[in-house]
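To be precise, the following lines are work-v7.txt, and they hold compact mmCIF, C-alpha atoms.
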```
# COMPACT_ATOMS: atom_id res chain seq x y z
CA LYS A 1 -27.22 -38.07 14.43
CA ILE A 2 -26.24 -34.49 15.31
CA PHE A 3 -23.48 -34.54 12.68
CA ILE A 4 -25.90 -35.78 10.02
CA LYS A 5 -28.46 -33.14 11.02
CA ASP A 6 -25.83 -30.39 10.75
CA PHE A 7 -24.69 -31.81 7.42
CA VAL A 8 -28.20 -31.78 5.95
CA ILE A 9 -28.99 -28.29 7.26
CA GLY A 10 -25.67 -27.02 5.94
CA GLY A 11 -26.41 -28.44 2.50
CA VAL A 12 -29.91 -26.95 2.40
CA ALA A 13 -28.64 -23.56 3.60
CA ALA A 14 -25.93 -23.57 0.92
CA ALA A 15 -28.42 -24.47 -1.82
CA ILE A 16 -30.76 -21.65 -0.78
CA ALA A 17 -27.92 -19.13 -0.55
CA LYS A 18 -26.46 -20.13 -3.91
CA SER A 19 -29.84 -19.86 -5.62
CA VAL A 20 -30.58 -16.41 -4.15
CA ALA A 21 -27.10 -15.14 -5.06
CA ALA A 22 -27.20 -16.58 -8.60
CA PRO A 23 -28.67 -13.46 -10.32
CA ILE A 24 -25.97 -11.25 -8.76
CA GLU A 25 -23.16 -13.64 -9.61
CA ARG A 26 -24.41 -13.91 -13.19
CA ARG A 27 -25.10 -10.20 -13.72
CA ARG A 28 -22.82 -10.25 -16.78
CA PHE A 29 -25.77 -11.53 -18.83
CA LEU A 30 -27.24 -8.02 -18.64
CA ILE A 31 -24.17 -6.81 -20.55
CA THR A 32 -23.90 -9.57 -23.15
CA GLY A 33 -27.54 -9.30 -24.19
CA GLU A 34 -28.44 -12.87 -23.28
CA TYR A 35 -31.09 -11.58 -20.88
CA GLU A 36 -33.12 -10.20 -23.78
CA ALA A 37 -32.88 -13.51 -25.59
CA GLU A 38 -33.79 -15.87 -22.73
CA GLY A 39 -35.48 -13.73 -20.11
CA ILE A 40 -35.08 -14.02 -16.36
CA ARG A 41 -34.30 -17.75 -16.52
CA VAL A 42 -30.82 -16.96 -17.78
CA PHE A 43 -29.78 -15.88 -14.28
CA TRP A 44 -30.28 -19.41 -12.98
CA ARG A 45 -28.76 -21.22 -15.94
CA GLY A 46 -26.41 -23.87 -14.58
CA ASN A 47 -27.49 -23.18 -10.99
CA LEU A 48 -28.34 -26.84 -10.32
CA LEU A 49 -24.77 -27.84 -11.20
CA ASN A 50 -23.44 -25.07 -8.96
CA ILE A 51 -25.60 -26.32 -6.09
CA ILE A 52 -24.40 -29.90 -6.61
CA ARG A 53 -20.80 -28.69 -6.41
CA TYR A 54 -21.27 -26.10 -3.65
CA SER A 55 -23.72 -27.68 -1.19
CA PRO A 56 -21.72 -30.80 -0.18
CA VAL A 57 -18.65 -28.64 0.47
CA GLN A 58 -20.54 -26.27 2.75
CA ALA A 59 -22.49 -29.11 4.37
CA LEU A 60 -19.30 -30.95 5.35
CA ASN A 61 -17.69 -27.74 6.59
CA PHE A 62 -20.67 -26.79 8.75
CA ALA A 63 -21.00 -30.29 10.21
CA CYS A 64 -17.27 -30.63 10.94
CA LYS A 65 -17.05 -27.14 12.41
CA ASP A 66 -19.97 -27.65 14.80
CA GLN A 67 -18.65 -31.07 15.81
CA VAL A 68 -15.20 -29.68 16.64
CA GLU A 69 -16.73 -26.73 18.48
CA ARG A 70 -18.76 -29.10 20.65
CA ILE A 71 -15.64 -31.10 21.50
CA PHE A 72 -13.67 -27.97 22.41
CA TYR A 73 -16.43 -26.35 24.46
CA ASN A 74 -17.18 -29.61 26.31
CA ALA A 75 -13.50 -29.99 27.14
CA GLN A 76 -13.37 -26.38 28.31
CA THR A 77 -16.42 -26.88 30.53
CA LYS A 78 -15.03 -30.06 32.10
CA SER A 79 -11.68 -28.37 32.68
CA SER A 80 -13.26 -25.39 34.44
CA GLN A 81 -15.45 -27.66 36.59
CA SER A 82 -12.52 -29.83 37.72
CA SER A 83 -10.20 -26.90 38.40
CA THR A 84 -9.90 -25.61 41.97
CA ILE A 85 -8.71 -22.23 40.69
CA PRO A 86 -11.55 -19.82 39.82
CA SER A 87 -11.56 -19.10 36.11
CA SER A 88 -12.57 -15.89 34.35
CA PRO A 89 -13.09 -16.82 30.70
CA SER A 90 -12.07 -14.10 28.26
CA PHE A 91 -14.31 -13.49 25.29
CA LEU A 92 -11.42 -12.91 22.90
CA GLY A 93 -9.13 -15.36 24.67
CA ASN A 94 -11.44 -18.37 24.65
CA ASN A 95 -14.39 -18.08 22.28
CA LEU A 96 -12.44 -16.56 19.39
CA LEU A 97 -9.64 -19.11 19.61
CA ILE A 98 -12.05 -22.04 19.84
CA ASN A 99 -14.19 -20.80 16.95
CA ILE A 100 -11.16 -20.09 14.75
CA ALA A 101 -9.63 -23.47 15.55
CA ALA A 102 -12.91 -25.26 14.82
CA GLY A 103 -13.33 -23.46 11.50
CA GLY A 104 -9.73 -24.11 10.47
CA LEU A 105 -9.87 -27.80 11.33
CA ALA A 106 -13.16 -28.16 9.45
CA GLY A 107 -11.62 -26.58 6.36
CA ALA A 108 -8.50 -28.74 6.59
CA ALA A 109 -10.57 -31.91 7.01
CA TYR A 110 -12.78 -31.10 4.04
CA PHE A 111 -9.92 -30.25 1.70
CA SER A 112 -7.91 -33.33 2.66
CA VAL A 113 -10.88 -35.57 1.86
CA PHE A 114 -11.49 -33.73 -1.41
CA TYR A 115 -7.84 -33.81 -2.51
CA PHE A 116 -7.08 -37.43 -1.75
CA THR A 117 -10.28 -38.67 -3.40
CA ASP A 118 -9.76 -36.61 -6.57
CA LYS A 119 -7.34 -38.81 -8.51
CA THR A 120 -7.10 -36.38 -11.44
CA LEU A 121 -6.12 -33.44 -9.26
CA LYS A 122 -3.74 -35.52 -7.20
CA SER A 123 -1.93 -36.86 -10.30
CA THR A 124 -1.74 -33.59 -12.29
CA ALA A 125 -1.14 -30.93 -9.63
CA PRO A 126 2.42 -30.21 -8.43
CA PRO A 127 3.35 -31.66 -5.02
CA GLU A 128 3.44 -28.24 -3.41
CA PHE A 129 -0.16 -27.61 -4.51
CA TYR A 130 -1.64 -29.66 -1.67
CA ARG A 131 0.35 -27.86 1.00
CA ILE A 132 -0.36 -24.33 -0.20
CA SER A 133 -4.03 -25.18 -0.80
CA LEU A 134 -4.36 -26.69 2.67
CA VAL A 135 -2.92 -23.53 4.23
CA GLY A 136 -5.24 -21.32 2.18
CA VAL A 137 -8.38 -23.31 2.96
CA THR A 138 -7.49 -23.49 6.66
CA VAL A 139 -6.92 -19.73 6.92
CA TYR A 140 -10.11 -18.95 5.02
CA ARG A 141 -12.38 -21.31 6.94
CA ALA A 142 -10.84 -20.39 10.30
CA LEU A 143 -11.76 -16.73 9.78
CA TYR A 144 -14.98 -17.42 7.85
CA PHE A 145 -16.47 -19.43 10.71
CA GLY A 146 -14.40 -18.10 13.61
CA LEU A 147 -15.04 -14.39 13.16
CA TYR A 148 -18.71 -14.90 12.34
CA ASP A 149 -19.50 -17.17 15.31
CA THR A 150 -17.56 -15.00 17.74
CA LEU A 151 -18.92 -11.63 16.63
CA LYS A 152 -22.45 -13.02 16.31
CA SER A 153 -22.48 -14.12 19.95
CA SER A 154 -21.33 -10.64 20.97
CA ALA A 155 -23.46 -8.49 18.64
CA ALA A 156 -26.66 -10.57 18.67
CA ILE A 157 -28.56 -8.56 21.28
CA GLY A 158 -32.00 -7.00 21.29
CA ALA A 159 -33.57 -6.69 17.86
CA PHE A 160 -30.45 -8.10 16.21
CA LYS A 161 -30.69 -11.45 17.98
CA ASP A 162 -31.59 -14.23 15.51
CA ASN A 163 -32.19 -11.60 12.83
CA LEU A 164 -31.62 -13.00 9.34
CA LEU A 165 -30.63 -9.67 7.77
CA ALA A 166 -28.31 -8.70 10.62
CA ASN A 167 -26.63 -12.11 10.48
CA PHE A 168 -26.27 -11.82 6.71
CA ILE A 169 -24.61 -8.40 6.94
CA LEU A 170 -22.26 -9.68 9.64
CA GLY A 171 -21.57 -12.81 7.61
CA TRP A 172 -20.89 -10.77 4.49
CA GLY A 173 -18.32 -8.67 6.33
CA THR A 174 -16.54 -11.65 7.88
CA THR A 175 -16.62 -13.60 4.60
CA ILE A 176 -14.99 -10.68 2.78
CA ALA A 177 -12.40 -10.36 5.56
CA ALA A 178 -11.61 -14.08 5.34
CA GLY A 179 -11.35 -13.78 1.57
CA TYR A 180 -8.87 -10.91 1.77
CA ALA A 181 -6.76 -12.70 4.38
CA SER A 182 -6.44 -15.84 2.24
CA TYR A 183 -6.41 -14.16 -1.19
CA PRO A 184 -2.59 -13.96 -1.55
CA ILE A 185 -2.34 -17.67 -0.77
CA ASP A 186 -5.09 -18.42 -3.27
CA THR A 187 -3.31 -16.33 -5.91
CA ILE A 188 -0.11 -18.33 -5.47
CA ARG A 189 -2.09 -21.59 -5.54
CA ARG A 190 -3.80 -20.69 -8.81
CA ARG A 191 -0.56 -19.60 -10.42
CA MET A 192 1.21 -22.78 -9.36
CA LEU A 193 -1.59 -24.89 -10.84
CA MET A 194 -1.56 -22.98 -14.15
CA ARG A 195 2.21 -22.82 -14.46
CA THR A 196 3.20 -26.37 -13.63
CA GLY A 197 6.38 -26.05 -15.70
CA ASP A 198 7.87 -23.34 -13.49
CA LYS A 199 10.70 -24.55 -11.27
CA TYR A 200 10.34 -23.39 -7.69
CA SER A 201 11.53 -25.14 -4.56
CA SER A 202 8.44 -24.21 -2.55
CA SER A 203 5.35 -22.02 -2.46
CA LEU A 204 7.30 -19.55 -0.32
CA HIS A 205 9.90 -19.33 -3.09
CA TYR A 206 7.08 -18.71 -5.57
CA LEU A 207 5.64 -16.02 -3.29
CA ARG A 208 8.96 -14.19 -2.93
CA ASN A 209 9.54 -14.31 -6.67
CA SER A 210 6.05 -12.95 -7.43
CA ILE A 211 6.47 -10.05 -5.00
CA HIS A 212 9.93 -9.28 -6.39
CA LYS A 213 8.68 -9.21 -10.02
CA GLU A 214 5.19 -7.72 -9.66
CA GLY A 215 4.90 -6.27 -6.16
CA VAL A 216 2.60 -7.10 -3.25
CA SER A 217 -0.42 -5.58 -4.99
CA SER A 218 -0.31 -8.32 -7.64
CA LEU A 219 -1.34 -10.84 -4.97
CA PHE A 220 -4.64 -8.98 -4.51
CA ARG A 221 -5.39 -8.39 -8.19
CA SER A 222 -9.17 -8.29 -8.85
CA ALA A 223 -9.90 -8.92 -5.15
CA GLY A 224 -11.74 -5.62 -4.69
CA PHE A 225 -14.20 -6.47 -7.47
CA TYR A 226 -14.36 -10.23 -7.05
CA LEU A 227 -14.59 -10.83 -3.30
CA PRO A 228 -17.69 -8.77 -2.37
CA ILE A 229 -19.72 -10.58 -5.05
CA ARG A 230 -18.36 -14.05 -4.32
CA SER A 231 -18.94 -13.52 -0.60
CA ILE A 232 -22.71 -13.10 -0.95
CA ALA A 233 -23.39 -16.83 -1.20
CA GLY A 234 -21.04 -17.58 1.68
CA ALA A 235 -22.70 -14.97 3.90
CA GLY A 236 -26.12 -16.29 2.92
CA ALA A 237 -25.11 -19.83 3.87
CA LEU A 238 -24.02 -18.67 7.33
CA SER A 239 -27.19 -16.70 8.07
CA VAL A 240 -29.62 -19.24 6.60
CA TYR A 241 -27.87 -22.08 8.44
CA ASP A 242 -28.40 -20.28 11.76
CA GLN A 243 -32.05 -19.63 10.97
CA LEU A 244 -32.71 -23.26 10.02
CA GLN A 245 -30.97 -24.50 13.17
CA ARG A 246 -33.09 -22.16 15.27
CA LEU A 247 -36.34 -23.20 13.58
CA ILE A 248 -35.60 -26.91 13.99
CA SER A 249 -34.75 -26.49 17.67
CA LEU A 250 -38.06 -24.73 18.46
```

Represent the structure contained in this file as structure tokens.
Amino acid sequence: KIFIKDFVIGGVAAAIAKSVAAPIERRRFLITGEYEAEGIRVFWRGNLLNIIRYSPVQALNFACKDQVERIFYNAQTKSSQSSTIPSSPSFLGNNLLINIAAGGLAGAAYFSVFYFTDKTLKSTAPPEFYRISLVGVTVYRALYFGLYDTLKSSAAIGAFKDNLLANFILGWGTTIAAGYASYPIDTIRRRMLMRTGDKYSSSLHYLRNSIHKEGVSSLFRSAGFYLPIRSIAGAGALSVYDQLQRLISL
């Protein structure tokens, strides 16, 4: 029941965040002139399809992450209660590791389900695609959830506690950080998918070759422009999810 509740709340939070972020993500319509032709509705064109694609992903990630966190924290509590040696839990040593591990496992679980149920992707993508994608998703989700949950529990004091705007700003920062950390992996993944005819023994071989030919900066191409905008919906999902959980528990 708790898993289903988290899943539903995660899906609703993602839908709200995606809808609010839609005008920013689709700002290009101001340049192309389509805004004058269709009016404000153009900013939400195709948003329902985006929600259908985005919400289940976030819902499963939120539900899996919270489930894994509960397992880890319950095990930690039982271990400390049964131990005869006094324990002094470290904020960075315990909470951060648990939150990062929970986020990473949630991301890995989601992507594995997605990959093995998508017959088209499984049959057309190169074999190395699954491995490099799994690493990228795990790194991203580990930091996306892990940094946010850990820093939120430390910074949420006084007026900032349960504050939607404060949580959004924190979530935006951690989402961007997670995006930068996993961006090189995502770059290699996208290139491997587009250039299926290239002969490389592994993603590491592909990475070394890309750095040798184009330099390290090529792995972060367009990140400075792309990540802050893409991270708005992710940050919104984190902050709205917390608010919905708080309201339901009242």

Open item on the list: Between A:Ala108, A:Ile188, A:Leu134, A:Leu151, which residue has the minimum interatomic distance to A:Cys64, considering all atoms listed in the file?
Closed with: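 Nearest to A:Cys64: A:Ala108.
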
TODO: Please indicate the distance in Å from atom CA of A:Val68 to atom CA of A:Pro228, rounded to one decimal place.
DONE: 28.4 Å

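Using only C-alpha atoms, every residue with an atom at most 9 Å from the point (-10.4, -13.2, -4.2) is listed here: Ile176, Gly179, Tyr180, Ser182, Tyr183, Pro184, Asp186, Thr187, Phe220, Arg221, Ser222, Ala223, Gly224, Phe225, Tyr226, Leu227, Pro228 and Arg230 of chain A.
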
Dump of C-alpha atoms for the selected residues, as a CSV table (one decimal), in the frame of the given file:
```csv
chain,number,residue,atom,x,y,z
A,176,ILE,CA,-15.0,-10.7,2.8
A,179,GLY,CA,-11.4,-13.8,1.6
A,180,TYR,CA,-8.9,-10.9,1.8
A,182,SER,CA,-6.4,-15.8,2.2
A,183,TYR,CA,-6.4,-14.2,-1.2
A,184,PRO,CA,-2.6,-14.0,-1.6
A,186,ASP,CA,-5.1,-18.4,-3.3
A,187,THR,CA,-3.3,-16.3,-5.9
A,220,PHE,CA,-4.6,-9.0,-4.5
A,221,ARG,CA,-5.4,-8.4,-8.2
A,222,SER,CA,-9.2,-8.3,-8.8
A,223,ALA,CA,-9.9,-8.9,-5.2
A,224,GLY,CA,-11.7,-5.6,-4.7
A,225,PHE,CA,-14.2,-6.5,-7.5
A,226,TYR,CA,-14.4,-10.2,-7.0
A,227,LEU,CA,-14.6,-10.8,-3.3
A,228,PRO,CA,-17.7,-8.8,-2.4
A,230,ARG,CA,-18.4,-14.0,-4.3
```

Open item on the list: To one decimal place in Å, what is the distance between atom CA of A:Ala181 and atom CA of A:Phe111?
Closed with: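 A separation of 18.0 Å between them.
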
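In this comparison, which uses all atoms listed in the file, the residue of A:Lys213, A:Thr174, A:Phe129, A:Leu244 approaching A:Met192 most closely is A:Phe129.
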
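Minimum distance to A:Ala13 across A:Tyr140, A:Tyr115, A:Tyr241, A:Phe145 (counting only C-alpha atoms) occurs at A:Tyr241.
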
Task: For atom CA of A:Arg141 and atom CA of A:Leu165, the interatomic separation in Å (one decimal) - done: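 Rounded to one decimal, the two atoms are 21.7 Å apart.
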
Open item on the list: Just want the 12 Å neighbourhood of A:Arg70, counted on all atoms listed in the file, with same-chain residues fewer than 6 positions away dropped. Output as a ChimeraX atom specification.
Closed with: /A:2-3,63-64,76-77,95,98-99,101-102

Enclosing box along x, y and z for every listed atom of stretch 204-223 of chain A, padded 5 Å each side, centre and size in Å, one decimal, as lines of an AutoDock Vina configuration file:
```
center_x = 0.0
center_y = -12.6
center_z = -5.2
size_x = 29.8
size_y = 24.0
size_z = 19.7
```

- [ ] Return the single residue from A:Gly173, A:Gly136, A:Gly107, A:Gly146 that is closest to A:Arg189, with distances computed using all atoms listed in the file.
- [x] A:Gly136

Task: Residue among A:Val216, A:Ile51, A:Ala17, A:Ile100 lying closest to A:Phe168, counting all atoms listed in the file - done: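 Using all atoms listed in the file, A:Phe168 sits closest to A:Ala17.
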
Open item on the list: Ranking A:Asn209, A:Gln243, A:Ser202, A:Ser123 by minimum distance to A:Leu164 and counting all atoms listed in the file, which one comes first?
Closed with: A:Gln243
